[in-house]
Amino acid sequence: MDPNRRAFLRGAFLRGGARKPAPALRPPWAVEAFLERCTRCDACIAACPEKVLRRGDGGFPELDVRERGCTFCAACVKACEPGALDRRRGVERRHRATIGPTCLARREVTCRLCELACEEDAIGFILQRGGVATPLVDASQCTGCGMCLNVCPSHAISLEERSE
């Protein structure tokens, strides 16, 4: 299948369009040579009790936290025989949450569901005099678990690869 057609069907318009596909979110503890080491055996996907790993493009496992978050139980690491996931060489906190412009609080509608869902207290709200409190993500506290994504009614939260 033509990759541009596949991207179109997923809502990512590549030919002169407005959106690019979001980069794949690799599982926690993915090593630097993840694509070379991963055999696409799906053992990590089958081992994940939270069902937040799924088969992505090319058959490689991807983190999908749209319905529930990752608890970092490391069952995927234990199941990965080729060593593509390794707690000693990979990065657990690979992602961080970002809050986009469709956030209800940023549109002056009171909503603090993401703050309530965040077990790490990485999401807080700055009180605004005469207005609605606005959200702020503390990147140093955010684990990138994705617990905040599935509670957001406006789908304003996304996970991004850390730049560090």
# chains A, B, ... in the order shown; residues from 1 in each chain; ligands from 1

call {"tool": "residues_around", "arguments": {"residues": "Cys118 of chain A", "least_positions_apart": "2", "cutoff": "10 Å", "atoms": "only C-alpha atoms", "output": "PyMOL selection string"}}
result
chain A and resi 113-116+120-124+142-143+145-149

call {"tool": "write_last_selection", "arguments": {"atoms": "N, CA and C atoms", "output": "mmCIF file, in the first residue's frame"}}
result
data_model
loop_
_atom_site.group_PDB
_atom_site.id
_atom_site.type_symbol
_atom_site.label_atom_id
_atom_site.label_comp_id
_atom_site.auth_asym_id
_atom_site.auth_seq_id
_atom_site.Cartn_x
_atom_site.Cartn_y
_atom_site.Cartn_z
ATOM 1 N N LEU A 113 -9.168 17.750 35.283
ATOM 2 C CA LEU A 113 -9.142 16.294 35.281
ATOM 3 C C LEU A 113 -7.725 15.740 35.141
ATOM 4 N N CYS A 114 -6.901 16.384 34.340
ATOM 5 C CA CYS A 114 -5.531 15.903 34.150
ATOM 6 C C CYS A 114 -4.744 15.977 35.458
ATOM 7 N N GLU A 115 -4.959 17.026 36.217
ATOM 8 C CA GLU A 115 -4.276 17.182 37.504
ATOM 9 C C GLU A 115 -4.680 16.060 38.460
ATOM 10 N N LEU A 116 -5.955 15.714 38.461
ATOM 11 C CA LEU A 116 -6.444 14.642 39.329
ATOM 12 C C LEU A 116 -5.902 13.276 38.913
ATOM 13 N N GLU A 120 1.922 11.571 39.781
ATOM 14 C CA GLU A 120 3.243 12.140 40.067
ATOM 15 C C GLU A 120 3.170 13.621 40.428
ATOM 16 N N ASP A 121 1.987 14.196 40.437
ATOM 17 C CA ASP A 121 1.796 15.623 40.689
ATOM 18 C C ASP A 121 2.614 16.487 39.727
ATOM 19 N N ALA A 122 2.726 16.020 38.482
ATOM 20 C CA ALA A 122 3.480 16.759 37.475
ATOM 21 C C ALA A 122 2.638 17.843 36.810
ATOM 22 N N ILE A 123 1.318 17.745 36.948
ATOM 23 C CA ILE A 123 0.443 18.749 36.352
ATOM 24 C C ILE A 123 -0.166 19.583 37.459
ATOM 25 N N GLY A 124 0.062 20.854 37.365
ATOM 26 C CA GLY A 124 -0.507 21.788 38.325
ATOM 27 C C GLY A 124 -1.214 22.901 37.580
ATOM 28 N N CYS A 142 7.173 14.742 35.397
ATOM 29 C CA CYS A 142 6.365 13.950 34.460
ATOM 30 C C CYS A 142 7.111 12.673 34.059
ATOM 31 N N THR A 143 6.448 11.530 34.232
ATOM 32 C CA THR A 143 7.039 10.247 33.854
ATOM 33 C C THR A 143 6.692 9.858 32.424
ATOM 34 N N CYS A 145 3.740 8.675 31.623
ATOM 35 C CA CYS A 145 2.908 7.469 31.762
ATOM 36 C C CYS A 145 1.643 7.543 30.924
ATOM 37 N N GLY A 146 1.135 8.737 30.666
ATOM 38 C CA GLY A 146 -0.048 8.903 29.841
ATOM 39 C C GLY A 146 -1.371 8.837 30.576
ATOM 40 N N MET A 147 -1.337 8.756 31.901
ATOM 41 C CA MET A 147 -2.585 8.687 32.666
ATOM 42 C C MET A 147 -3.474 9.907 32.402
ATOM 43 N N CYS A 148 -2.873 11.041 32.095
ATOM 44 C CA CYS A 148 -3.632 12.271 31.874
ATOM 45 C C CYS A 148 -4.308 12.311 30.501
ATOM 46 N N LEU A 149 -3.787 11.565 29.542
ATOM 47 C CA LEU A 149 -4.326 11.620 28.182
ATOM 48 C C LEU A 149 -5.765 11.149 28.089
#

call {"tool": "select_by_dssp", "arguments": {"residues": "segment 64-136 of chain A", "states": "helix (DSSP H, G or I)", "output": "PyMOL selection string"}}
result
chain A and resi 75-79+105-107+113-117

call {"tool": "closest_residue", "arguments": {"among": "A:Glu36, A:Arg26, A:Cys152, A:Ile126", "to": "Glu62 of chain A", "atoms": "only C-alpha atoms"}}
result
A:Arg26

call {"tool": "closest_residue", "arguments": {"among": "A:Ala97, A:Val52, A:Ala84, A:Ile157", "to": "Gln141 of chain A", "atoms": "only C-alpha atoms"}}
result
A:Ala97

call {"tool": "atom_distance", "arguments": {"atom1": "atom CA of Ala74 of chain A", "atom2": "atom CA of Arg87 of chain A"}}
result
8.1 Å

call {"tool": "decode", "arguments": {"residues": "segment 127-153 of chain A", "atoms": "N, CA and C atoms", "output": "CSV table (one decimal), in the first residue's frame"}}
result
chain,number,residue,atom,x,y,z
A,127,LEU,N,-3.1,29.8,39.3
A,127,LEU,CA,-4.3,30.6,39.5
A,127,LEU,C,-4.2,31.9,38.7
A,128,GLN,N,-5.3,32.3,38.1
A,128,GLN,CA,-5.3,33.6,37.3
A,128,GLN,C,-6.3,34.5,38.0
A,129,ARG,N,-5.9,35.7,38.3
A,129,ARG,CA,-6.8,36.6,38.9
A,129,ARG,C,-8.0,36.9,38.0
A,130,GLY,N,-9.2,36.7,38.4
A,130,GLY,CA,-10.4,37.0,37.6
A,130,GLY,C,-10.6,36.0,36.5
A,131,GLY,N,-9.9,34.9,36.5
A,131,GLY,CA,-10.1,34.0,35.4
A,131,GLY,C,-9.9,32.5,35.8
A,132,VAL,N,-9.8,31.6,34.9
A,132,VAL,CA,-9.7,30.2,35.1
A,132,VAL,C,-8.2,29.9,35.3
A,133,ALA,N,-7.9,29.0,36.2
A,133,ALA,CA,-6.5,28.5,36.4
A,133,ALA,C,-6.0,27.8,35.1
A,134,THR,N,-4.8,28.1,34.8
A,134,THR,CA,-4.2,27.5,33.5
A,134,THR,C,-3.2,26.3,33.9
A,135,PRO,N,-3.2,25.3,33.1
A,135,PRO,CA,-2.3,24.1,33.4
A,135,PRO,C,-0.9,24.4,33.1
A,136,LEU,N,0.0,23.7,33.9
A,136,LEU,CA,1.4,23.7,33.7
A,136,LEU,C,2.0,22.4,34.0
A,137,VAL,N,2.8,21.8,33.1
A,137,VAL,CA,3.4,20.5,33.3
A,137,VAL,C,4.8,20.7,33.8
A,138,ASP,N,5.1,20.1,34.9
A,138,ASP,CA,6.5,20.1,35.4
A,138,ASP,C,7.2,18.9,34.8
A,139,ALA,N,8.1,19.2,33.8
A,139,ALA,CA,8.7,18.2,33.0
A,139,ALA,C,9.6,17.3,33.9
A,140,SER,N,10.2,17.9,34.9
A,140,SER,CA,11.0,17.1,35.8
A,140,SER,C,10.3,16.0,36.6
A,141,GLN,N,9.0,16.2,36.8
A,141,GLN,CA,8.1,15.3,37.6
A,141,GLN,C,7.4,14.4,36.6
A,142,CYS,N,7.2,14.7,35.4
A,142,CYS,CA,6.4,13.9,34.5
A,142,CYS,C,7.1,12.7,34.1
A,143,THR,N,6.4,11.5,34.2
A,143,THR,CA,7.0,10.2,33.9
A,143,THR,C,6.7,9.9,32.4
A,144,GLY,N,5.7,10.5,31.8
A,144,GLY,CA,5.3,10.2,30.5
A,144,GLY,C,4.4,8.9,30.5
A,145,CYS,N,3.7,8.7,31.6
A,145,CYS,CA,2.9,7.5,31.8
A,145,CYS,C,1.6,7.5,30.9
A,146,GLY,N,1.1,8.7,30.7
A,146,GLY,CA,0.0,8.9,29.8
A,146,GLY,C,-1.4,8.8,30.6
A,147,MET,N,-1.3,8.8,31.9
A,147,MET,CA,-2.6,8.7,32.7
A,147,MET,C,-3.5,9.9,32.4
A,148,CYS,N,-2.9,11.0,32.1
A,148,CYS,CA,-3.6,12.3,31.9
A,148,CYS,C,-4.3,12.3,30.5
A,149,LEU,N,-3.8,11.6,29.5
A,149,LEU,CA,-4.3,11.6,28.2
A,149,LEU,C,-5.8,11.1,28.1
A,150,ASN,N,-6.1,10.0,28.7
A,150,ASN,CA,-7.4,9.4,28.5
A,150,ASN,C,-8.5,10.1,29.3
A,151,VAL,N,-8.1,11.0,30.2
A,151,VAL,CA,-9.2,11.7,31.0
A,151,VAL,C,-9.5,13.1,30.4
A,152,CYS,N,-8.7,13.6,29.5
A,152,CYS,CA,-8.8,14.9,28.9
A,152,CYS,C,-10.0,14.9,27.9
A,153,PRO,N,-11.1,15.6,28.2
A,153,PRO,CA,-12.3,15.6,27.4
A,153,PRO,C,-12.0,16.3,26.0
